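As provided, structure_19.txt (compact mmCIF, C-alpha atoms) reads as follows.
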```
# COMPACT_ATOMS: atom_id res chain seq x y z
CA MET A 38 -42.81 168.39 139.87
CA LYS A 39 -40.10 169.33 142.36
CA LYS A 40 -40.65 172.70 143.99
CA LYS A 41 -38.11 175.31 142.93
CA MET A 42 -38.35 177.67 145.91
CA TYR A 43 -35.67 177.53 148.61
CA PRO A 44 -35.57 179.50 151.87
CA ASP A 45 -32.10 181.02 151.38
CA ALA A 46 -29.03 181.05 149.17
CA ARG A 47 -27.13 178.44 151.18
CA THR A 48 -29.83 175.81 150.87
CA ALA A 49 -30.47 176.69 147.21
CA LEU A 50 -26.84 175.89 146.42
CA ALA A 51 -26.66 172.76 148.58
CA GLY A 52 -25.31 169.80 146.63
CA LEU A 53 -24.39 171.92 143.59
CA LEU A 54 -20.98 173.27 144.55
CA LYS A 55 -17.69 171.45 144.05
CA ASP A 56 -14.04 172.42 143.71
CA GLY A 57 -12.89 173.18 140.17
CA MET A 58 -16.34 173.84 138.72
CA MET A 59 -17.31 176.55 136.22
CA ILE A 60 -19.80 179.16 137.40
CA MET A 61 -21.50 181.86 135.32
CA ALA A 62 -22.43 184.95 137.34
CA GLY A 63 -24.84 187.49 135.87
CA GLY A 64 -24.45 191.24 136.17
CA PHE A 65 -22.52 194.12 134.67
CA GLY A 66 -20.33 196.01 137.09
CA LEU A 67 -22.52 195.92 140.20
CA CYS A 68 -25.79 196.11 138.26
CA GLY A 69 -27.90 192.96 138.36
CA ILE A 70 -25.39 190.84 140.26
CA PRO A 71 -26.66 187.81 142.27
CA GLU A 72 -25.11 189.10 145.47
CA SER A 73 -26.80 186.71 147.92
CA LEU A 74 -25.73 183.70 145.91
CA ILE A 75 -22.15 184.98 145.58
CA ALA A 76 -21.99 185.42 149.36
CA ALA A 77 -23.21 181.86 149.86
CA ILE A 78 -20.54 180.55 147.50
CA ARG A 79 -17.92 182.34 149.55
CA GLU A 80 -19.27 180.86 152.76
CA SER A 81 -19.18 177.35 151.26
CA GLY A 82 -15.40 177.49 150.88
CA VAL A 83 -15.48 175.89 147.42
CA LYS A 84 -12.24 176.67 145.57
CA ASN A 85 -10.34 176.55 142.23
CA LEU A 86 -13.35 178.02 140.47
CA THR A 87 -13.54 179.15 136.86
CA VAL A 88 -15.94 182.09 136.80
CA VAL A 89 -17.55 183.50 133.67
CA SER A 90 -18.73 187.07 134.11
CA ASN A 91 -18.48 190.35 132.26
CA ASN A 92 -16.19 191.63 135.00
CA ALA A 93 -15.13 190.77 138.54
CA GLY A 94 -17.11 193.30 140.58
CA ILE A 95 -15.09 195.72 142.68
CA ASP A 96 -12.92 195.26 145.74
CA GLY A 97 -15.00 193.64 148.47
CA VAL A 98 -18.29 193.61 146.53
CA GLY A 99 -19.76 191.06 144.12
CA LEU A 100 -17.21 188.64 142.72
CA GLY A 101 -14.58 190.73 144.50
CA LEU A 102 -15.55 188.71 147.59
CA LEU A 103 -14.45 185.46 145.90
CA LEU A 104 -11.20 187.07 144.78
CA ASP A 105 -10.51 188.24 148.33
CA SER A 106 -10.93 184.68 149.58
CA ARG A 107 -8.87 183.31 146.66
CA GLN A 108 -11.61 180.91 145.60
CA ILE A 109 -11.34 181.88 141.91
CA LYS A 110 -8.62 180.20 139.88
CA LYS A 111 -9.61 181.56 136.46
CA MET A 112 -11.78 184.38 135.12
CA ILE A 113 -13.38 184.38 131.67
CA ALA A 114 -14.34 188.03 131.31
CA SER A 115 -14.24 191.12 129.11
CA TYR A 116 -13.33 193.84 131.60
CA VAL A 117 -11.67 193.89 135.01
CA GLY A 118 -10.47 197.47 135.41
CA GLU A 119 -12.36 198.33 138.61
CA ASN A 120 -10.84 195.64 140.82
CA LYS A 121 -7.39 196.20 142.35
CA VAL A 122 -7.27 192.73 143.93
CA PHE A 123 -7.92 191.20 140.54
CA ALA A 124 -5.00 193.13 139.01
CA GLN A 125 -2.68 192.24 141.89
CA GLN A 126 -3.45 188.51 141.67
CA TYR A 127 -3.12 188.48 137.90
CA LEU A 128 0.20 190.33 137.86
CA ALA A 129 1.50 188.00 140.57
CA GLY A 130 0.61 184.95 138.47
CA GLU A 131 -2.00 183.81 141.00
CA LEU A 132 -5.01 184.16 138.71
CA GLU A 133 -5.63 183.03 135.14
CA ILE A 134 -7.51 185.30 132.75
CA GLU A 135 -9.22 184.51 129.46
CA PHE A 136 -10.11 187.87 127.99
CA ASN A 137 -12.94 188.15 125.46
CA PRO A 138 -14.29 191.10 123.49
CA GLN A 139 -17.58 191.88 125.20
CA GLY A 140 -19.77 190.95 122.24
CA THR A 141 -17.84 187.72 121.75
CA LEU A 142 -18.30 186.81 125.41
CA ALA A 143 -22.05 187.45 125.17
CA GLU A 144 -22.30 185.33 122.02
CA ARG A 145 -20.23 182.49 123.53
CA ILE A 146 -22.72 182.35 126.40
CA ARG A 147 -25.76 182.62 124.12
CA ALA A 148 -24.35 179.92 121.85
CA GLY A 149 -23.78 177.60 124.79
CA GLY A 150 -27.35 178.05 125.92
CA ALA A 151 -28.64 177.39 122.39
CA GLY A 152 -26.63 174.20 121.97
CA VAL A 153 -24.23 175.75 119.44
CA PRO A 154 -20.72 174.38 120.13
CA ALA A 155 -18.81 177.03 118.12
CA PHE A 156 -19.18 179.97 115.75
CA PHE A 157 -17.01 182.24 113.60
CA THR A 158 -16.53 185.98 114.12
CA ARG A 159 -14.38 188.74 112.62
CA THR A 160 -13.82 190.30 116.03
CA GLY A 161 -10.24 189.80 117.14
CA VAL A 162 -8.82 188.71 113.79
CA GLY A 163 -5.15 189.65 113.57
CA THR A 164 -4.85 190.35 117.30
CA ASP A 165 -3.71 188.39 120.35
CA ILE A 166 -7.33 187.25 120.74
CA ALA A 167 -6.89 185.08 117.62
CA LYS A 168 -3.79 183.22 118.80
CA GLY A 169 -4.28 179.46 118.82
CA LYS A 170 -7.78 179.65 117.32
CA GLU A 171 -8.98 178.14 114.06
CA GLU A 172 -9.27 180.67 111.27
CA ARG A 173 -11.34 180.49 108.07
CA GLU A 174 -12.26 182.77 105.20
CA PHE A 175 -15.86 183.58 104.29
CA GLY A 176 -16.74 185.99 101.47
CA GLY A 177 -13.17 187.19 101.27
CA GLU A 178 -13.01 188.06 104.99
CA ARG A 179 -11.05 186.30 107.73
CA TYR A 180 -12.90 184.90 110.73
CA ILE A 181 -11.79 183.14 113.91
CA MET A 182 -13.64 180.35 115.67
CA GLU A 183 -14.95 180.86 119.19
CA ARG A 184 -16.37 178.10 121.38
CA GLY A 185 -19.75 178.23 123.08
CA LEU A 186 -19.74 178.22 126.88
CA VAL A 187 -21.76 175.94 129.16
CA ALA A 188 -21.29 176.22 132.92
CA ASP A 189 -21.80 173.70 135.68
CA LEU A 190 -23.83 176.38 137.47
CA SER A 191 -25.35 179.72 136.51
CA ILE A 192 -26.37 182.24 139.17
CA VAL A 193 -28.59 185.15 138.11
CA HIS A 194 -30.51 188.07 139.60
CA ALA A 195 -33.99 189.09 138.45
CA TRP A 196 -36.38 191.89 139.36
CA LYS A 197 -39.52 189.73 139.35
CA GLY A 198 -40.19 186.02 139.22
CA ASP A 199 -42.82 183.45 140.04
CA THR A 200 -42.50 180.20 141.93
CA GLU A 201 -42.12 178.30 138.65
CA GLY A 202 -38.94 180.22 137.85
CA ASN A 203 -40.26 182.58 135.16
CA LEU A 204 -38.11 185.70 135.34
CA VAL A 205 -38.39 189.40 134.47
CA TYR A 206 -35.38 191.74 134.60
CA ARG A 207 -35.39 195.47 135.22
CA LYS A 208 -33.84 197.75 132.61
CA THR A 209 -30.02 197.55 132.43
CA ALA A 210 -29.95 194.97 135.24
CA ARG A 211 -31.02 192.58 132.51
CA ASN A 212 -27.52 192.59 130.93
CA PHE A 213 -25.91 189.09 130.94
CA ASN A 214 -28.51 187.44 133.17
CA PRO A 215 -30.91 186.04 130.52
CA MET A 216 -28.11 184.47 128.46
CA MET A 217 -26.46 182.92 131.48
CA ALA A 218 -29.75 181.51 132.71
CA THR A 219 -29.90 179.38 129.56
CA ALA A 220 -26.22 178.34 129.57
CA GLY A 221 -25.96 176.63 132.95
CA LYS A 222 -26.45 172.91 133.50
CA VAL A 223 -28.20 174.14 136.65
CA THR A 224 -29.47 177.70 137.09
CA VAL A 225 -30.22 179.27 140.47
CA ALA A 226 -31.97 182.65 140.48
CA GLU A 227 -32.57 185.26 143.14
CA VAL A 228 -35.61 187.52 142.66
CA GLU A 229 -36.61 190.77 144.35
CA HIS A 230 -40.38 190.42 143.89
CA LEU A 231 -42.01 186.99 144.04
CA PHE A 232 -45.36 186.08 142.48
CA GLU A 233 -47.54 183.03 142.03
CA PRO A 234 -47.79 181.40 138.57
CA GLY A 235 -50.10 183.37 136.29
CA GLN A 236 -49.59 186.71 138.08
CA ILE A 237 -46.87 187.86 135.66
CA ASP A 238 -47.98 188.81 132.15
CA PRO A 239 -46.58 186.07 129.87
CA ASP A 240 -45.56 188.73 127.35
CA HIS A 241 -43.26 190.27 129.97
CA ILE A 242 -41.37 187.09 130.84
CA VAL A 243 -37.77 187.12 129.58
CA THR A 244 -36.46 183.83 130.99
CA PRO A 245 -38.98 180.95 130.93
CA GLY A 246 -39.04 178.83 134.06
CA VAL A 247 -37.83 175.76 132.16
CA PHE A 248 -34.31 177.23 132.39
CA VAL A 249 -34.42 177.79 136.17
CA GLN A 250 -34.07 174.88 138.59
CA ARG A 251 -33.85 176.71 141.93
CA LEU A 252 -35.07 180.05 143.22
CA ILE A 253 -34.75 182.30 146.28
CA HIS A 254 -36.58 185.47 147.29
CA VAL A 255 -34.39 188.51 148.14
CA PRO A 256 -36.91 191.28 148.93
CA ASN A 257 -34.33 193.68 150.36
CA ALA A 258 -31.56 193.34 147.79
CA THR A 259 -28.80 195.92 148.17
CA LYS A 260 -28.36 198.23 145.17
CA HIS A 261 -24.72 199.27 145.07
CA ILE A 262 -23.51 202.24 143.04
CA GLU A 263 -20.18 201.53 141.39
CA GLN A 264 -19.32 205.13 140.55
CA ARG A 265 -21.43 208.01 141.82
CA THR A 266 -21.35 211.03 139.52
CA VAL A 267 -23.22 214.16 140.53
CA ARG A 268 -23.52 217.63 139.06
CA LYS A 269 -22.79 220.67 141.17
CA ARG A 270 -25.82 222.86 141.83
CA VAL A 271 -25.84 225.85 139.52
CA ALA A 272 -26.08 229.26 141.18
CA ALA A 273 -29.60 230.73 141.37
CA ALA A 274 -30.66 232.61 138.26
CA ALA A 275 -31.22 236.34 138.29
CA THR A 276 -34.92 235.77 138.77
CA GLY A 277 -34.27 234.09 142.07
CA GLY A 278 -35.25 230.61 140.93
CA GLU A 279 -33.00 227.58 140.87
CA VAL A 280 -31.49 226.48 137.58
```
Could you render the structure as structure tokens?
Amino acid sequence: MKKKMYPDARTALAGLLKDGMMIMAGGFGLCGIPESLIAAIRESGVKNLTVVSNNAGIDGVGLGLLLDSRQIKKMIASYVGENKVFAQQYLAGELEIEFNPQGTLAERIRAGGAGVPAFFTRTGVGTDIAKGKEEREFGGERYIMERGLVADLSIVHAWKGDTEGNLVYRKTARNFNPMMATAGKVTVAEVEHLFEPGQIDPDHIVTPGVFVQRLIHVPNATKHIEQRTVRKRVAAAATGGEV
């Protein structure tokens, strides 16, 4: 069996990247994004990419790096409101967008990973989302058809993993990563904590290693905060203690 571990993101992506390919990138905002792998894609210079992701990061961080370098031709996403570069390129006609309701996007990815080519949903019926899509009636309700998504490459970030590619995600950093890991023809994962096979409780594994072809260890992954919200300290109570 071919070993899945690679020394760094550049070598893990070697031979996988090509112009015009579709890439799925895990994460939600800046939470759970495969930052090392995104940086390596930027360094490769590959262009005309179609990228599937919940959103496009923020300016200069995450997928924002690939927008800055104009390597993305099309985004399939559900939300892009935090990225000014994204808005500028879209309004200038330099970037294509395929918007999806968030649940529809998640199901398109899950369906692709499960080998389901298409499904019907009520979400978007009667709106611009439905334009050009097949429509049917079930039980007296109208539904539109959505296609499953399968990418040439999926890049994901996990909290823990073993050298066989079994992955565990941490809390909300789980988000789109498990679905995308199943929906790529090739999946490359970066993990914060690396273990040997058998050291992770099988009941805790979210993504089985069969879905992961390549793996890198990122022990010092940066944890960006998209929007920091803090509460002002309340004045000391009459008793002299802090509230």
Counting only C-alpha atoms, which residues of segment 89-206 of chain A fall within 10 Å of segment 74-83 of chain A, and what is the closest atom pair for each with its distance in Å at one decimal, ordered by chain and rising number, as a Markdown table?
```
| residue | atom | partner | partner_atom | distance |
| --- | --- | --- | --- | --- |
| A:Val98 | CA | A:Ala76 | CA | 9.4 |
| A:Gly99 | CA | A:Ile75 | CA | 6.7 |
| A:Leu100 | CA | A:Ile75 | CA | 6.8 |
| A:Gly101 | CA | A:Ile75 | CA | 9.6 |
| A:Leu102 | CA | A:Arg79 | CA | 7.1 |
| A:Leu103 | CA | A:Arg79 | CA | 5.9 |
| A:Leu104 | CA | A:Arg79 | CA | 9.5 |
| A:Asp105 | CA | A:Arg79 | CA | 9.6 |
| A:Ser106 | CA | A:Arg79 | CA | 7.4 |
| A:Arg107 | CA | A:Arg79 | CA | 9.5 |
| A:Gln108 | CA | A:Val83 | CA | 6.6 |
| A:Ile109 | CA | A:Val83 | CA | 9.1 |
| A:Ile192 | CA | A:Leu74 | CA | 6.9 |
| A:Val193 | CA | A:Leu74 | CA | 8.4 |
| A:His194 | CA | A:Leu74 | CA | 9.0 |
```
field: Selection near Pro44 of chain A, 9 Å with only C-alpha atoms, sequence-local residues under 4 positions removed, as a VMD selection string
entry: chain A and resid 48 to 49 252 to 254
Nearby residues (only C-alpha atoms) at most 8 Å from Tyr116 of chain A, same-chain spacing under 3 positions excluded, as a list in words: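 What passes the distance filter is Asn91, Asn92, Ala93, Phe136 and Gln139 of chain A.
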field: Selected residue of minimal separation from Pro239 of chain A among A:Lys208, A:Asp199, A:Met216, A:Glu263, counting all atoms listed in the file
entry: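 Among the listed residues, the smallest separation from Pro239 of chain A belongs to A:Asp199.
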Distance in Å - atom CA of Ala46 of chain A versus atom CA of Pro71 of chain A: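 Calculated distance between atom CA of Ala46 of chain A and atom CA of Pro71 of chain A is 9.9 Å.
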- prompt: To one decimal place, how far is atom CA of Gly198 of chain A from atom CA of Leu231 of chain A in Å?
  reply: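 Atom-to-atom, atom CA of Gly198 of chain A to atom CA of Leu231 of chain A, that is 5.2 Å.
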statement: A straight line from atom CA of Val153 of chain A to atom CA of Met112 of chain A spans 21.8 Å
Polymer residues at most 12 Å from Asp240 of chain A, only C-alpha atoms, same-chain spacing of 4 or more positions, as a PyMOL selection string: chain A and resi 203-205+235-236+244-245
Got time to write the residues from that selection, C-alpha atoms, as a compact mmCIF listing (two decimals), in the coordinates of the input?
```txt
# COMPACT_ATOMS: atom_id res chain seq x y z
CA ASN A 203 -40.26 182.58 135.16
CA LEU A 204 -38.11 185.70 135.34
CA VAL A 205 -38.39 189.40 134.47
CA GLY A 235 -50.10 183.37 136.29
CA GLN A 236 -49.59 186.71 138.08
CA THR A 244 -36.46 183.83 130.99
CA PRO A 245 -38.98 180.95 130.93
```
- request: Rank A:His230, A:Lys222, A:Lys260, A:Arg251 by their smallest atom-to-atom distance to Gly149 of chain A, using only C-alpha atoms, and report the top residue only.
  value: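 Going through A:His230, A:Lys222, A:Lys260, A:Arg251 one by one, the smallest distance to Gly149 of chain A is for A:Lys222.
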query: Looking at all atoms listed in the file, which of A:Asp165, A:Glu201, A:Asp238, A:Glu144 is the one that sits closest to Gly185 of chain A?
result: A:Glu144
